[in-house]
Structures are given as C-alpha cells and as structure tokens.
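Novice: Supplied structure: run-v3.cif, mmCIF, C-alpha atoms.
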```cif
data_my_file
#
loop_
_atom_site.label_atom_id
_atom_site.label_comp_id
_atom_site.auth_asym_id
_atom_site.auth_seq_id
_atom_site.Cartn_x
_atom_site.Cartn_y
_atom_site.Cartn_z
CA MET M 1 -1.34 -12.50 -23.20
CA GLU M 2 -0.14 -9.96 -20.62
CA LEU M 3 3.39 -8.64 -20.24
CA THR M 4 4.73 -6.44 -17.49
CA ALA M 5 7.68 -4.19 -18.28
CA ILE M 6 9.62 -1.93 -15.94
CA VAL M 7 11.62 0.83 -17.55
CA ASN M 8 15.17 0.47 -16.26
CA ASN M 9 17.47 3.30 -17.32
CA ASN M 10 20.83 3.57 -15.57
CA ASP M 11 20.70 7.36 -15.67
CA MET M 12 17.27 7.26 -14.06
CA THR M 13 18.17 4.86 -11.26
CA SER M 14 21.62 6.14 -10.30
CA PHE M 15 20.25 9.50 -9.14
CA GLN M 16 19.49 8.12 -5.69
CA ASP M 17 23.20 7.58 -5.01
CA TYR M 18 24.04 11.28 -4.72
CA ILE M 19 22.69 14.69 -3.78
CA TYR M 20 23.75 18.30 -4.25
CA ILE M 21 24.07 20.56 -1.22
CA VAL M 22 24.57 24.32 -0.86
CA GLY M 23 24.15 26.95 1.86
CA ARG M 24 25.06 27.52 5.49
CA ASN M 25 26.70 24.63 7.29
CA GLY M 26 27.49 25.87 10.81
CA SER M 27 26.22 22.65 12.42
CA GLY M 28 27.38 20.22 9.74
CA GLN M 29 23.86 19.91 8.29
CA LEU M 30 25.18 19.54 4.74
CA GLY M 31 26.97 16.31 5.66
CA ILE M 32 30.27 17.18 3.98
CA GLY M 33 32.55 16.27 6.89
CA ASN M 34 33.10 19.74 8.34
CA LYS M 35 31.31 22.79 9.75
CA LEU M 36 32.12 25.40 7.13
CA THR M 37 30.11 28.57 7.65
CA LYS M 38 28.81 28.59 4.08
CA VAL M 39 28.98 26.52 0.89
CA THR M 40 28.34 28.94 -1.97
CA THR M 41 28.60 26.54 -4.90
CA PRO M 42 26.49 23.35 -4.99
CA GLN M 43 28.59 20.32 -4.08
CA LYS M 44 27.89 16.73 -5.00
CA ILE M 45 27.80 14.12 -2.23
CA ASN M 46 27.89 10.42 -3.12
CA LEU M 47 25.74 8.24 -0.90
CA ASN M 48 25.90 4.50 -0.35
CA PHE M 49 22.15 4.13 0.07
CA LYS M 50 18.98 4.76 -1.91
CA ILE M 51 16.96 7.81 -0.87
CA LYS M 52 13.29 7.56 0.07
CA LEU M 53 12.75 10.87 1.90
CA ILE M 54 14.82 13.95 2.71
CA LYS M 55 13.75 16.51 5.31
CA CYS M 56 15.62 19.59 6.55
CA GLY M 57 15.30 20.99 10.07
CA THR M 58 16.62 24.18 11.60
CA SER M 59 20.23 22.93 11.58
CA PHE M 60 20.12 19.31 10.42
CA THR M 61 19.15 17.04 7.54
CA VAL M 62 17.40 13.67 7.88
CA ILE M 63 17.33 11.04 5.15
CA SER M 64 15.33 7.83 5.14
CA THR M 65 16.34 5.10 2.70
CA GLU M 66 14.50 2.56 0.58
CA ASN M 67 15.55 0.00 3.21
CA ASN M 68 13.89 2.12 5.93
CA GLU M 69 17.20 3.12 7.48
CA ILE M 70 17.65 6.66 8.79
CA PHE M 71 20.69 8.93 8.47
CA MET M 72 21.18 12.37 10.03
CA ALA M 73 23.72 15.17 9.58
CA GLY M 74 23.93 18.37 11.62
CA LYS M 75 22.62 19.21 15.07
CA CYS M 76 19.21 17.93 16.09
CA CYS M 77 19.92 17.52 19.80
CA MET M 78 23.19 18.51 21.52
CA TYR M 79 26.02 17.36 19.28
CA ASN M 80 27.10 18.11 15.72
CA TYR M 81 27.35 15.29 13.18
CA VAL M 82 29.31 16.53 10.17
CA ASN M 83 28.71 13.38 8.10
CA PHE M 84 25.47 11.53 7.43
CA THR M 85 25.37 9.24 10.46
CA LYS M 86 23.17 6.16 10.71
CA VAL M 87 20.50 6.26 13.42
CA ASN M 88 20.30 3.14 15.57
CA CYS M 89 16.74 1.91 15.11
CA ASN M 90 17.13 -0.77 17.83
CA ASN M 91 15.74 -3.51 15.59
CA VAL M 92 12.46 -1.62 15.18
CA ASP M 93 10.71 -2.76 12.01
CA LEU M 94 10.22 0.66 10.47
CA ASN M 95 8.04 1.30 7.45
CA ILE M 96 8.41 5.04 7.23
CA LYS M 97 5.48 7.12 6.02
CA ASN M 98 6.74 10.62 6.73
CA ILE M 99 9.30 12.72 8.58
CA PHE M 100 8.46 16.00 10.30
CA THR M 101 11.20 18.44 11.20
CA ASN M 102 11.67 21.75 12.95
CA SER M 103 14.13 21.93 15.81
CA ASN M 104 13.42 18.20 16.29
CA ALA M 105 12.95 15.26 13.95
CA PHE M 106 9.89 13.00 14.22
CA ILE M 107 9.51 9.78 12.24
CA VAL M 108 5.97 8.56 11.44
CA THR M 109 5.49 4.96 10.33
CA ASN M 110 2.72 3.40 8.26
CA SER M 111 1.24 2.06 11.48
CA ASN M 112 1.10 5.70 12.72
CA LYS M 113 3.67 5.20 15.45
CA ILE M 114 5.84 8.26 16.11
CA TYR M 115 9.54 8.17 16.92
CA ARG M 116 11.93 10.95 17.85
CA ILE M 117 15.67 11.01 17.10
CA ILE M 118 17.61 11.26 20.36
CA GLU M 119 21.25 11.04 21.47
CA THR M 120 22.43 8.58 24.10
CA ASN M 121 26.04 9.80 23.80
CA PRO M 122 28.06 12.02 21.42
CA ILE M 123 28.47 9.25 18.85
CA ASN M 124 25.15 7.41 19.06
CA LEU M 125 21.80 8.44 17.59
CA GLU M 126 18.72 6.39 18.44
CA LEU M 127 14.96 6.37 17.96
CA LYS M 128 12.63 6.77 20.89
CA GLU M 129 8.98 5.84 20.47
CA LEU M 130 6.53 8.46 21.73
CA GLU M 131 3.51 7.27 23.65
CA PHE M 132 0.20 9.10 23.89
CA GLU M 133 -1.67 7.70 26.88
CA PRO M 134 -4.84 9.84 26.38
CA LEU M 135 -5.23 8.36 22.89
CA GLN M 136 -5.08 4.68 23.85
CA ASN M 137 -8.80 4.17 23.28
CA ILE M 138 -8.76 5.56 19.75
CA PHE M 139 -5.25 4.88 18.53
CA ASN M 140 -6.21 1.75 16.62
CA SER M 141 -8.55 3.85 14.51
CA VAL M 142 -5.97 6.54 13.66
CA VAL M 143 -5.35 6.84 9.92
CA LEU M 144 -3.39 10.10 9.64
CA VAL M 145 -0.79 11.87 11.77
CA THR M 146 0.67 15.35 11.44
CA VAL M 147 3.10 17.39 13.51
CA TYR M 148 3.08 21.14 14.12
CA ILE M 149 6.47 22.07 15.62
CA THR M 150 6.21 19.74 18.65
CA LEU M 151 2.42 19.32 18.75
CA PHE M 152 0.80 16.15 17.40
CA TYR M 153 -2.56 15.70 15.69
CA PHE M 154 -4.41 12.56 14.69
CA VAL M 155 -7.27 11.81 12.28
CA THR M 156 -9.40 8.71 12.86
CA LYS M 157 -11.39 6.49 10.53
CA SER M 158 -14.52 8.42 11.52
CA ASN M 159 -12.88 11.67 10.25
CA ASP M 160 -12.39 13.09 13.76
CA LEU M 161 -9.36 15.27 14.48
CA PHE M 162 -7.73 14.84 17.92
CA ASP M 163 -4.76 16.44 19.62
CA ALA M 164 -2.22 14.49 21.69
CA ASN M 165 -4.23 15.12 24.88
CA GLY M 166 -7.18 13.20 23.47
CA ARG M 167 -9.23 16.36 22.86
CA LYS M 168 -11.52 16.13 19.89
CA ILE M 169 -11.06 19.30 17.84
CA LEU M 170 -13.47 18.80 14.94
CA THR M 171 -15.05 16.30 12.56
CA PHE M 172 -14.35 16.61 8.88
CA PRO M 173 -17.45 16.38 6.63
CA THR M 174 -15.73 13.98 4.23
CA LYS M 175 -12.92 11.45 4.26
CA VAL M 176 -9.54 13.15 4.58
CA LYS M 177 -6.38 11.90 2.86
CA ASP M 178 -3.93 14.62 3.99
CA ILE M 179 -3.81 16.84 7.08
CA TYR M 180 -1.52 19.77 7.95
CA VAL M 181 -1.35 22.43 10.66
CA VAL M 182 -0.03 25.88 9.74
CA ASN M 183 -0.15 28.81 12.19
CA TYR M 184 -2.77 26.86 14.15
CA PHE M 185 -4.94 26.59 11.05
CA TYR M 186 -6.05 23.07 10.18
CA ILE M 187 -5.62 22.35 6.49
CA ALA M 188 -7.00 19.12 5.04
CA ILE M 189 -7.33 17.65 1.57
CA ASN M 190 -10.32 15.33 1.22
CA GLU M 191 -10.74 12.28 -0.99
CA PHE M 192 -12.06 14.50 -3.79
CA ASP M 193 -8.98 16.77 -3.63
CA ASP M 194 -11.03 19.61 -2.10
CA LEU M 195 -9.40 21.99 0.36
CA LEU M 196 -10.85 22.08 3.89
CA LEU M 197 -9.62 25.01 6.00
CA TYR M 198 -10.42 25.58 9.70
CA ASN M 199 -9.21 28.14 12.22
CA HIS M 200 -7.97 27.40 15.75
CA SER M 201 -11.59 27.53 16.98
CA ALA M 202 -12.51 24.74 14.54
CA GLU M 203 -14.61 27.09 12.42
CA ARG M 204 -14.71 26.31 8.70
CA LEU M 205 -13.23 29.15 6.65
CA GLN M 206 -14.38 30.11 3.18
CA SER M 207 -10.94 30.71 1.68
CA LEU M 208 -10.58 28.49 -1.41
CA GLN M 209 -13.50 26.35 -0.28
CA ASN M 210 -14.09 23.39 -2.63
CA THR M 211 -10.98 24.25 -4.63
CA LYS M 212 -9.37 21.19 -6.19
CA ILE M 213 -5.78 20.82 -5.02
CA GLU M 214 -3.02 19.28 -7.13
CA LYS M 215 0.04 19.91 -4.94
CA ILE M 216 0.70 21.27 -1.47
CA SER M 217 3.83 22.15 0.49
CA VAL M 218 3.77 23.31 4.11
CA ILE M 219 6.00 24.47 6.91
CA TRP M 220 4.81 25.60 10.33
CA ASN M 221 4.27 29.24 9.29
CA SER M 222 3.42 29.00 5.58
CA CYS M 223 1.61 26.93 2.97
CA LEU M 224 1.93 26.83 -0.81
CA LEU M 225 -0.89 25.41 -2.95
CA LEU M 226 -1.16 24.53 -6.63
CA THR M 227 -4.73 24.01 -7.81
CA LYS M 228 -5.98 21.71 -10.53
CA THR M 229 -6.55 24.83 -12.63
CA LYS M 230 -2.83 25.63 -12.31
CA GLU M 231 -3.21 28.61 -10.00
CA LEU M 232 -0.72 29.19 -7.19
CA PHE M 233 -1.79 30.36 -3.71
CA MET M 234 0.09 31.02 -0.47
CA LEU M 235 -1.08 31.16 3.14
CA LYS M 236 1.36 33.45 4.91
CA GLU M 237 2.07 33.93 8.60
CA ASN M 238 -0.61 35.84 10.55
CA SER M 239 -3.09 35.50 7.68
CA SER M 240 -6.32 33.49 7.45
CA GLU M 241 -6.68 33.94 3.70
CA PHE M 242 -4.82 32.33 0.84
CA THR M 243 -3.27 34.94 -1.43
CA LYS M 244 -3.14 34.28 -5.15
CA ILE M 245 0.37 34.62 -6.53
CA VAL M 246 0.73 36.56 -9.75
CA ILE M 247 2.73 34.26 -11.99
CA LYS M 248 2.75 33.24 -15.63
CA LYS M 249 0.54 30.27 -16.52
CA GLU M 250 3.38 28.77 -18.53
CA ILE M 251 5.25 28.40 -15.24
CA THR M 252 2.43 26.88 -13.17
CA GLU M 253 1.48 24.49 -15.97
CA ASN M 254 4.94 22.92 -15.84
CA ILE M 255 5.45 22.58 -12.07
CA ILE M 256 6.52 19.09 -11.08
CA GLU M 257 7.55 19.83 -7.48
CA MET M 258 7.50 22.69 -4.98
CA ASN M 259 8.96 23.38 -1.56
CA VAL M 260 8.12 26.12 0.92
CA GLY M 261 10.49 27.34 3.63
CA LEU M 262 10.20 29.88 6.42
CA PHE M 263 11.18 32.78 4.18
CA ASN M 264 11.24 31.40 0.65
CA SER M 265 9.59 29.03 -1.80
CA ILE M 266 11.03 27.03 -4.68
CA LEU M 267 9.28 25.70 -7.79
CA ILE M 268 10.82 22.98 -9.93
CA LEU M 269 9.59 22.84 -13.51
CA LYS M 270 9.96 20.32 -16.28
CA GLY M 271 13.35 20.53 -17.92
CA ASN M 272 15.15 21.08 -14.60
CA GLN M 273 14.10 24.72 -14.23
CA PHE M 274 14.25 26.22 -10.74
CA TYR M 275 12.21 29.26 -9.69
CA ILE M 276 12.62 30.91 -6.31
CA TYR M 277 10.75 33.54 -4.29
CA GLY M 278 11.65 35.25 -1.02
CA LYS M 279 14.84 35.47 1.06
CA THR M 280 17.33 32.65 0.58
CA PHE M 281 20.53 33.82 2.38
CA ILE M 282 22.50 32.06 -0.36
CA PHE M 283 20.94 32.77 -3.77
CA GLY M 284 19.80 36.32 -2.96
CA ASP M 285 16.36 37.82 -2.32
CA TYR M 286 13.49 37.84 -4.80
CA SER M 287 10.19 39.73 -4.65
CA GLU M 288 8.58 37.42 -7.23
CA PHE M 289 9.23 33.93 -8.55
CA THR M 290 12.47 34.24 -10.52
CA LYS M 291 14.31 31.63 -12.55
CA LEU M 292 17.61 30.52 -11.07
CA ASP M 293 20.52 29.39 -13.17
CA ILE M 294 22.28 26.56 -11.35
CA PRO M 295 24.48 24.96 -14.03
CA THR M 296 26.18 22.59 -11.59
CA ILE M 297 22.88 20.80 -10.80
CA ASP M 298 22.36 18.09 -13.40
CA SER M 299 19.09 17.49 -15.21
CA TYR M 300 18.02 14.42 -13.26
CA PHE M 301 17.07 16.31 -10.10
CA ASN M 302 13.38 17.04 -9.62
CA ALA M 303 13.10 17.91 -5.93
CA VAL M 304 14.63 20.13 -3.28
CA GLU M 305 14.36 20.42 0.51
CA ASN M 306 15.48 23.48 2.41
CA TYR M 307 15.27 25.36 5.67
CA ASP M 308 15.96 28.77 4.10
CA THR M 309 19.69 28.87 4.80
CA PHE M 310 20.66 25.55 3.19
CA PHE M 311 19.36 23.46 0.30
CA ILE M 312 19.44 19.76 -0.61
CA PHE M 313 18.74 18.94 -4.27
CA TYR M 314 17.78 15.35 -5.01
CA ARG M 315 15.68 13.10 -7.20
CA LYS M 316 12.25 12.19 -5.90
CA ASN M 317 11.06 8.66 -6.61
CA PHE M 318 8.60 8.18 -9.40
CA LYS M 319 5.26 6.93 -8.17
CA LYS M 320 4.73 3.45 -9.41
CA GLU M 321 1.75 4.43 -11.45
CA GLU M 322 0.62 1.83 -13.88
CA GLY M 323 -0.02 2.85 -17.44
CA LYS M 324 -1.22 0.74 -20.32
CA ILE M 325 -0.20 0.60 -23.94
CA GLN M 326 -2.35 -1.39 -26.35
CA MET M 327 -0.22 -2.91 -29.05
CA LYS M 328 -0.83 -5.26 -31.90
CA LEU M 329 2.14 -7.50 -32.58
CA LYS M 330 2.62 -10.39 -34.90
CA GLN M 331 3.04 -13.51 -32.82
CA ILE M 332 6.56 -14.70 -33.49
CA LEU M 333 5.95 -18.38 -32.84
CA SER M 334 3.17 -18.80 -35.38
CA GLY M 335 4.35 -16.07 -37.70
CA GLN M 336 0.74 -15.56 -38.65
CA GLN M 337 -1.66 -14.74 -35.80
CA LEU M 338 -2.12 -11.15 -34.65
CA ILE M 339 -2.73 -10.82 -30.92
CA ASP M 340 -3.50 -7.92 -28.59
CA LEU M 341 -0.88 -7.41 -25.93
CA ASP M 342 -1.74 -5.45 -22.80
CA LEU M 343 1.67 -3.95 -22.02
CA LYS M 344 1.97 -2.40 -18.55
CA PHE M 345 4.75 -0.13 -17.50
CA LEU M 346 5.82 1.65 -14.37
CA CYS M 347 6.88 5.28 -14.58
#
```
In structure tokens, write the structure found in this file.
Specialist:
Amino acid sequence: MELTAIVNNNDMTSFQDYIYIVGRNGSGQLGIGNKLTKVTTPQKINLNFKIKLIKCGTSFTVISTENNEIFMAGKCCMYNYVNFTKVNCNNVDLNIKNIFTNSNAFIVTNSNKIYRIIETNPINLELKELEFEPLQNIFNSVVLVTVYITLFYFVTKSNDLFDANGRKILTFPTKVKDIYVVNYFYIAINEFDDLLLYNHSAERLQSLQNTKIEKISVIWNSCLLLTKTKELFMLKENSSEFTKIVIKKEITENIIEMNVGLFNSILILKGNQFYIYGKTFIFGDYSEFTKLDIPTIDSYFNAVENYDTFFIFYRKNFKKEEGKIQMKLKQILSGQQLIDLDLKFLC
C-alpha cells in the first residue's frame, strides 16, 4: 500500500504572500508606492500573488509568479513604476525558467525563448520576444541559455557553446547543466557537479578544476562558489583565479542560500542567520563575512536578492524532493495484520 503525503503548514505556505524590502528607492524599485531616497528599516509588503522568482536590476525589481505572471517595480526602461506593476504578456504561454537582470530584464522560458521587458507607453509594460537569426539552424538543439549584461550565450545538446551571432566558442568535454559568464569567463557546472572554467579565448583554466560545486551565485563581475567540502571561493573582477575566503567551517556548513552583488555578498544560514561581506550602502561596510542582526525579518525567510543598494528578502520555494519513510503500522481494518507503508513526502 502506498500513500503520498504533502506537508501543508500555514506558516510555511503564507510566506509567498509578502516580502521585506530595504535600501535605496530613487526609482521606485522597492515597490512601496513612492520614490523615497532610502528605506533604512526593512518594510513588509503584502503581495496578492505567489512568488516563483525575484531578480533585482540596477534600479528595478522583477518578480515572476507561480502562475507565470510577471510584475516589475522601478525603472527598467524610461519610466518609474513605484508599485509592482503587471507586465502584459500578450497571451504568451510563458513557462519561466530564469530571469537575467542588469540595466535590462530578460525572461528565459523552458523552451529557451528569450523575452525583454519593454514599455509601449508610460503605463504599459510588455514582453518582446528576441530573435536570433544566426542561430536558426541550431536553436532546436539549445538546452541552456545565459545572459551576460546584454550578450546572449547558448549551449546545445552536443555541449557546444555559441554566442548570439552563431559563433561556436567551445565544446564542453561533458554534459553541462548550468552555464554562466562572468567578466568574459565562461563558468559551467557539469552533470557531475564539477567546475569547468574557460577564459575569453576558450582556454580551459586550472582554477578549481574538478572541484565539486554545491551552490553558485553570479553577477556580471563576480562569482561566489560553495563546494561540496563546504569551502567558499570568490572570483573577483579582473581576476582569473578563484580566491578562497577565510571563514569558519561552522558558517559554511550551515549555508542554505547565498547571493552575490556588485560590491557585496550575503550568506543565509539555517536559523535565519544573515552574514554579509563588502559594501552595502545601507547596512555598512564589512571586510569579512559578518553576522547581521535584522530583528524585523521573520524566521521564514531563506533568500535575498540585491543590487548592492537595495535588498529584497523573501522565501524561496522548497524543491519538491521526494523522501521516503518506511513505517510499520497496524492495519486498522483487520486490527491484526502488520503492513509496510511506503510513505512519501514533499519537502
């Protein structure tokens, strides 16, 4: 007999209805209805949708929902939107895989189509599909897409990396599951969780070669890595080598999420502990990872997005990973027979 159980805790599901925001707000990027220069104390914003992804750009915030709707606050084109405003998707059947932001916002779907948020007038945001004519012959074989500022890169089923002009850059030696571009370095994670690092000339670099990667966070000029052995490394601007960060093992062993910005990095640990490094413009400057005391942020938040001058705290969805619990229960109907129940749960 097989039962399937889904843990349903009101405190665990209600988190998606609100976020906490703090920082500079000159373009309305915090979505609080005004353009205050700075919000110094985290404020709670109630949302009427369920969050799937949050991404921060230079002066805007983009949210995709569980229903594959898109909302934006701030300035991503010409005008300022001081509240989270729904983007008109023009009846496009979006199944959003990722969102890339810098001074623009690019939406990548599961079918590897790329859309850009545009304005048709001061009160209307829309999606515009980008077309890549030089890639027409290979586009059906594209499995991964990444964006570096406004440059686009594609990985095919045959592990080839192409740019938007159809130029083949390199071929990965193994199947790749994640691809990033940082300072014109190509960073890939293969199916075995190994790090593959190449320079702009497509030469394989030795830095952290064959290191098993557990988590990665990137922005165009920096990359933060957590290895399976719980070591933390950073690839900084104008460097071709990952630098090991001196940090206590008790911190790295409890990391559940991390986020890297242009000038700072944040670690989130079990028990709602926040550690920050670098310049924040709101929380101060730190020369090493330092624990932050943010009493107004409740314990259900496990993720943060930022663009250095403003921060969005939210709850990241649990992966629907299936676990199994073997239990022996007395069958109620017979009152006698012991049976094995394979109880599955989602966490």
Novice: To one decimal in Å, tell me the separation between CA of Gly26 (chain M) and CA of Ile282 (chain M).
Specialist: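 These two atoms are separated by 13.7 Å.
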Novice: Can you translate the PyMOL selection byres ((chain M and resi 247) around 10) into the concrete residues it hits in this file, as an NGL selection string?
Specialist: :M and (231-232 or 244-246 or 248-252 or 288-290)
Novice: Please measure the separation of CA of Thr58 (chain M) and CA of Asn102 (chain M), giving the value in Å to one decimal.
Specialist: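 Computing it gives 5.7 Å between the two atoms.
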Novice: For the contact check between region 49-129 of chain M and region 151-165 of chain M, emit one row per residue of region 49-129 of chain M within 12 Å, containing the shortest atom pair and the distance in Å rounded to one decimal, counting all atoms listed in the file, chain then rising number order, as a Markdown table.
Specialist:
```
| residue | atom | partner | partner_atom | distance |
| --- | --- | --- | --- | --- |
| M:Phe100 | CA | M:Phe152 | CA | 10.4 |
| M:Thr101 | CA | M:Leu151 | CA | 11.6 |
| M:Asn102 | CA | M:Leu151 | CA | 11.2 |
| M:Asn104 | CA | M:Leu151 | CA | 11.3 |
| M:Phe106 | CA | M:Phe152 | CA | 10.1 |
| M:Ile107 | CA | M:Phe152 | CA | 12.0 |
| M:Val108 | CA | M:Phe152 | CA | 10.9 |
| M:Asn112 | CA | M:Phe154 | CA | 9.0 |
| M:Lys113 | CA | M:Phe154 | CA | 11.0 |
| M:Ile114 | CA | M:Phe152 | CA | 9.5 |
| M:Tyr115 | CA | M:Phe152 | CA | 11.8 |
```
Novice: Could you expand the PyMOL selection byres ((chain M and resi 237) around 7) into the explicit residues it covers here, written as a list in words?
Specialist: Asn183, Asn221, Ser222, Leu235, Lys236, Asn238 and Ser239 of chain M
Novice: Between M:Asn83, M:Ser207, M:Asn110, M:Asn199, which is the closest to Ile96 (chain M) once you count only C-alpha atoms?
Specialist: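 Nearest to Ile96 (chain M): M:Asn110.
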Novice: Can you list, as a tab-separated table (two decimals) with C-alpha atoms, keeping the file's coordinate frame, every protein, DNA or RNA residue that comes within 7 Å of Tyr314 (chain M) when you count only C-alpha atoms, leaving out same-chain residues fewer than 6 positions away?
Specialist:
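This is the output file part-v5.tsv:
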```
chain	number	residue	atom	x	y	z
M	19	ILE	CA	22.69	14.69	-3.78
M	20	TYR	CA	23.75	18.30	-4.25
M	301	PHE	CA	17.07	16.31	-10.10
M	302	ASN	CA	13.38	17.04	-9.62
M	303	ALA	CA	13.10	17.91	-5.93
M	304	VAL	CA	14.63	20.13	-3.28
```
Novice: Care to translate the PyMOL selection byres ((chain M and resi 105) around 12) into actual residues of this file, as a ChimeraX atom specification?
Specialist: /M:54-64,70-77,87,98-104,106-108,114-119,125-128,147-150
Novice: Which value, in Å to one decimal, gives the distance between CA of Phe84 (chain M) and CA of Asn34 (chain M)?
Specialist: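 A separation of 11.2 Å between them.
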